[in-house]
Amino acid sequence: MALQSKAHLPYAPKPAVLSSKVPNAFALPGGNVYVLQGLLDKATNADELAGVLAHEFGHVAHRDGLRMLIENGGTSFLAGLLFGDITGVGVVLTLGRTLIDARYSRSAESAADAFAIQVMADLGRSPKPMGELLLRITGNEKDNPLAIFASHPITAERVAAFNNVSNAVTGPEILSAQEWRALKDICK
């Protein structure tokens, strides 16, 4: 896949689609990248999805999932050592929560966005469609006072970063129309 080769990762990520109505994607330690069907349902073209995948590949490249696992899981492991429960339920639950939550700091999210912008530029594609997809998913957050507590940067800031890149689309399409339809229908 061209997207994977332009990401220049030490190993090929393993993207998969999961059947869920939630419009999201996430990367786990080891290069597993999951796109939820809800995100595919919201996406209107392959460039929108490619930008999101490139963003998740950024998390893989920066080892954000492993970092979160060590930070959150390490605390539970230490507590287990102190209280004699290194194989107990508390450690398992905390590690599981860390993997499922996979929330990253705003700086990690911004770095993954920058990675996506570069990968899309290397493909000769614009990063702007990713911003359009994010805006469709989150809506306008400016009136939401709780948006400042989100783990991701404010969507308007992210869209502005994508729109500030003025590269023309020069590369080939990410997917053919037939491939795009097949991908959209993968969980149906």
# chains A, B, ... in the order shown; residues from 1 in each chain; ligands from 1
call {"tool": "residues_around", "arguments": {"residues": "Ile137 (chain A)", "least_positions_apart": "2", "cutoff": "8 Å", "atoms": "only C-alpha atoms", "output": "list in words"}}
result
Pro23, Lys42, Leu133, Leu134, Leu135 and Gly139 of chain A
call {"tool": "write_last_selection", "arguments": {"atoms": "N, CA and C atoms", "output": "short mmCIF file (atom, residue, chain, number, x, y, z; two decimals), in the first residue's frame"}}
result
data_model
loop_
_atom_site.label_atom_id
_atom_site.label_comp_id
_atom_site.auth_asym_id
_atom_site.auth_seq_id
_atom_site.Cartn_x
_atom_site.Cartn_y
_atom_site.Cartn_z
N PRO A 23 -17.47 6.77 15.15
CA PRO A 23 -16.58 7.27 14.09
C PRO A 23 -15.20 7.57 14.65
N LYS A 42 -18.80 7.91 7.82
CA LYS A 42 -18.73 9.38 7.75
C LYS A 42 -17.83 9.86 6.61
N LEU A 133 -13.27 15.77 7.21
CA LEU A 133 -13.87 14.61 7.89
C LEU A 133 -13.95 14.86 9.40
N LEU A 134 -12.87 15.36 9.99
CA LEU A 134 -12.88 15.63 11.43
C LEU A 134 -13.97 16.63 11.80
N LEU A 135 -14.12 17.66 10.98
CA LEU A 135 -15.15 18.67 11.25
C LEU A 135 -16.55 18.07 11.14
N GLY A 139 -18.10 18.38 14.64
CA GLY A 139 -18.87 19.62 14.58
C GLY A 139 -18.01 20.78 15.05
#
call {"tool": "residues_around", "arguments": {"residues": "Val35 (chain A)", "least_positions_apart": "3", "cutoff": "8 Å", "atoms": "only C-alpha atoms", "output": "list in words"}}
result
Pro15, Ala16, Val17, Leu18, Asn24, Ala25, Phe26, Leu39 and Leu40 of chain A
call {"tool": "residues_around", "arguments": {"residues": "Trp180 (chain A)", "least_positions_apart": "3", "cutoff": "12 Å", "atoms": "only C-alpha atoms", "output": "list in words"}}
result
Leu40, Asp41, Ala43, Thr44, Asn45, Ala46, Asp47, Glu48, Leu49, Ala50, Glu173, Ile174, Leu175, Ser176, Ala177, Leu183, Lys184, Asp185 and Ile186 of chain A
call {"tool": "residues_around", "arguments": {"residues": "Ala12 (chain A)", "least_positions_apart": "3", "cutoff": "12 Å", "atoms": "only C-alpha atoms", "output": "PyMOL selection string"}}
result
chain A and resi 1-9+15+30-33+57+60-61
call {"tool": "write_last_selection", "arguments": {"atoms": "C-alpha atoms", "output": "PDB file, in the first residue's frame"}}
result
ATOM      1  CA  MET A   1       0.000   0.000   0.000  1.00  0.00           C
ATOM      2  CA  ALA A   2       1.434   3.381  -1.007  1.00  0.00           C
ATOM      3  CA  LEU A   3       0.352   4.973   2.258  1.00  0.00           C
ATOM      4  CA  GLN A   4       2.381   2.483   4.293  1.00  0.00           C
ATOM      5  CA  SER A   5       5.485   2.894   2.156  1.00  0.00           C
ATOM      6  CA  LYS A   6       5.401   6.703   2.414  1.00  0.00           C
ATOM      7  CA  ALA A   7       5.079   6.456   6.208  1.00  0.00           C
ATOM      8  CA  HIS A   8       8.612   4.924   6.332  1.00  0.00           C
ATOM      9  CA  LEU A   9       7.828   2.865   9.409  1.00  0.00           C
ATOM     10  CA  PRO A  15      -4.811  -1.864   9.634  1.00  0.00           C
ATOM     11  CA  GLY A  30       2.878  -3.268  17.832  1.00  0.00           C
ATOM     12  CA  GLY A  31       1.481  -1.425  14.824  1.00  0.00           C
ATOM     13  CA  ASN A  32      -2.118  -2.558  15.003  1.00  0.00           C
ATOM     14  CA  VAL A  33      -4.299   0.205  13.550  1.00  0.00           C
ATOM     15  CA  PHE A  57       0.646   5.658  11.457  1.00  0.00           C
ATOM     16  CA  VAL A  60       2.842   4.037  15.463  1.00  0.00           C
ATOM     17  CA  ALA A  61       6.004   5.856  14.295  1.00  0.00           C
TER      18      ALA A  61
END
call {"tool": "atom_distance", "arguments": {"atom1": "CA of Glu56 (chain A)", "atom2": "CA of Ala27 (chain A)"}}
result
5.6 Å
call {"tool": "closest_residue", "arguments": {"among": "A:Arg136, A:Arg158, A:Lys188, A:His62", "to": "Ala108 (chain A)", "atoms": "only C-alpha atoms"}}
result
A:His62
call {"tool": "atom_distance", "arguments": {"atom1": "CA of Ala54 (chain A)", "atom2": "CA of Phe115 (chain A)"}}
result
7.0 Å
call {"tool": "closest_residue", "arguments": {"among": "A:Val119, A:Val169, A:Ser126, A:Thr155", "to": "Arg106 (chain A)", "atoms": "only C-alpha atoms"}}
result
A:Thr155
call {"tool": "select_by_dssp", "arguments": {"residues": "region 19-70 of chain A", "states": "strand (DSSP E or B)", "output": "number ranges by chain"}}
result
A: 25-28, 32-36
call {"tool": "atom_distance", "arguments": {"atom1": "CA of Ala116 (chain A)", "atom2": "CA of Gly38 (chain A)"}}
result
20.5 Å
call {"tool": "closest_residue", "arguments": {"among": "A:Asn140, A:Gln178, A:Ser107, A:Gln37", "to": "His59 (chain A)", "atoms": "only C-alpha atoms"}}
result
A:Ser107
call {"tool": "residues_around", "arguments": {"residues": "Phe162 (chain A)", "least_positions_apart": "6", "cutoff": "9 Å", "atoms": "only C-alpha atoms", "output": "VMD selection string"}}
result
chain A and resid 113 to 114 117 126 to 131
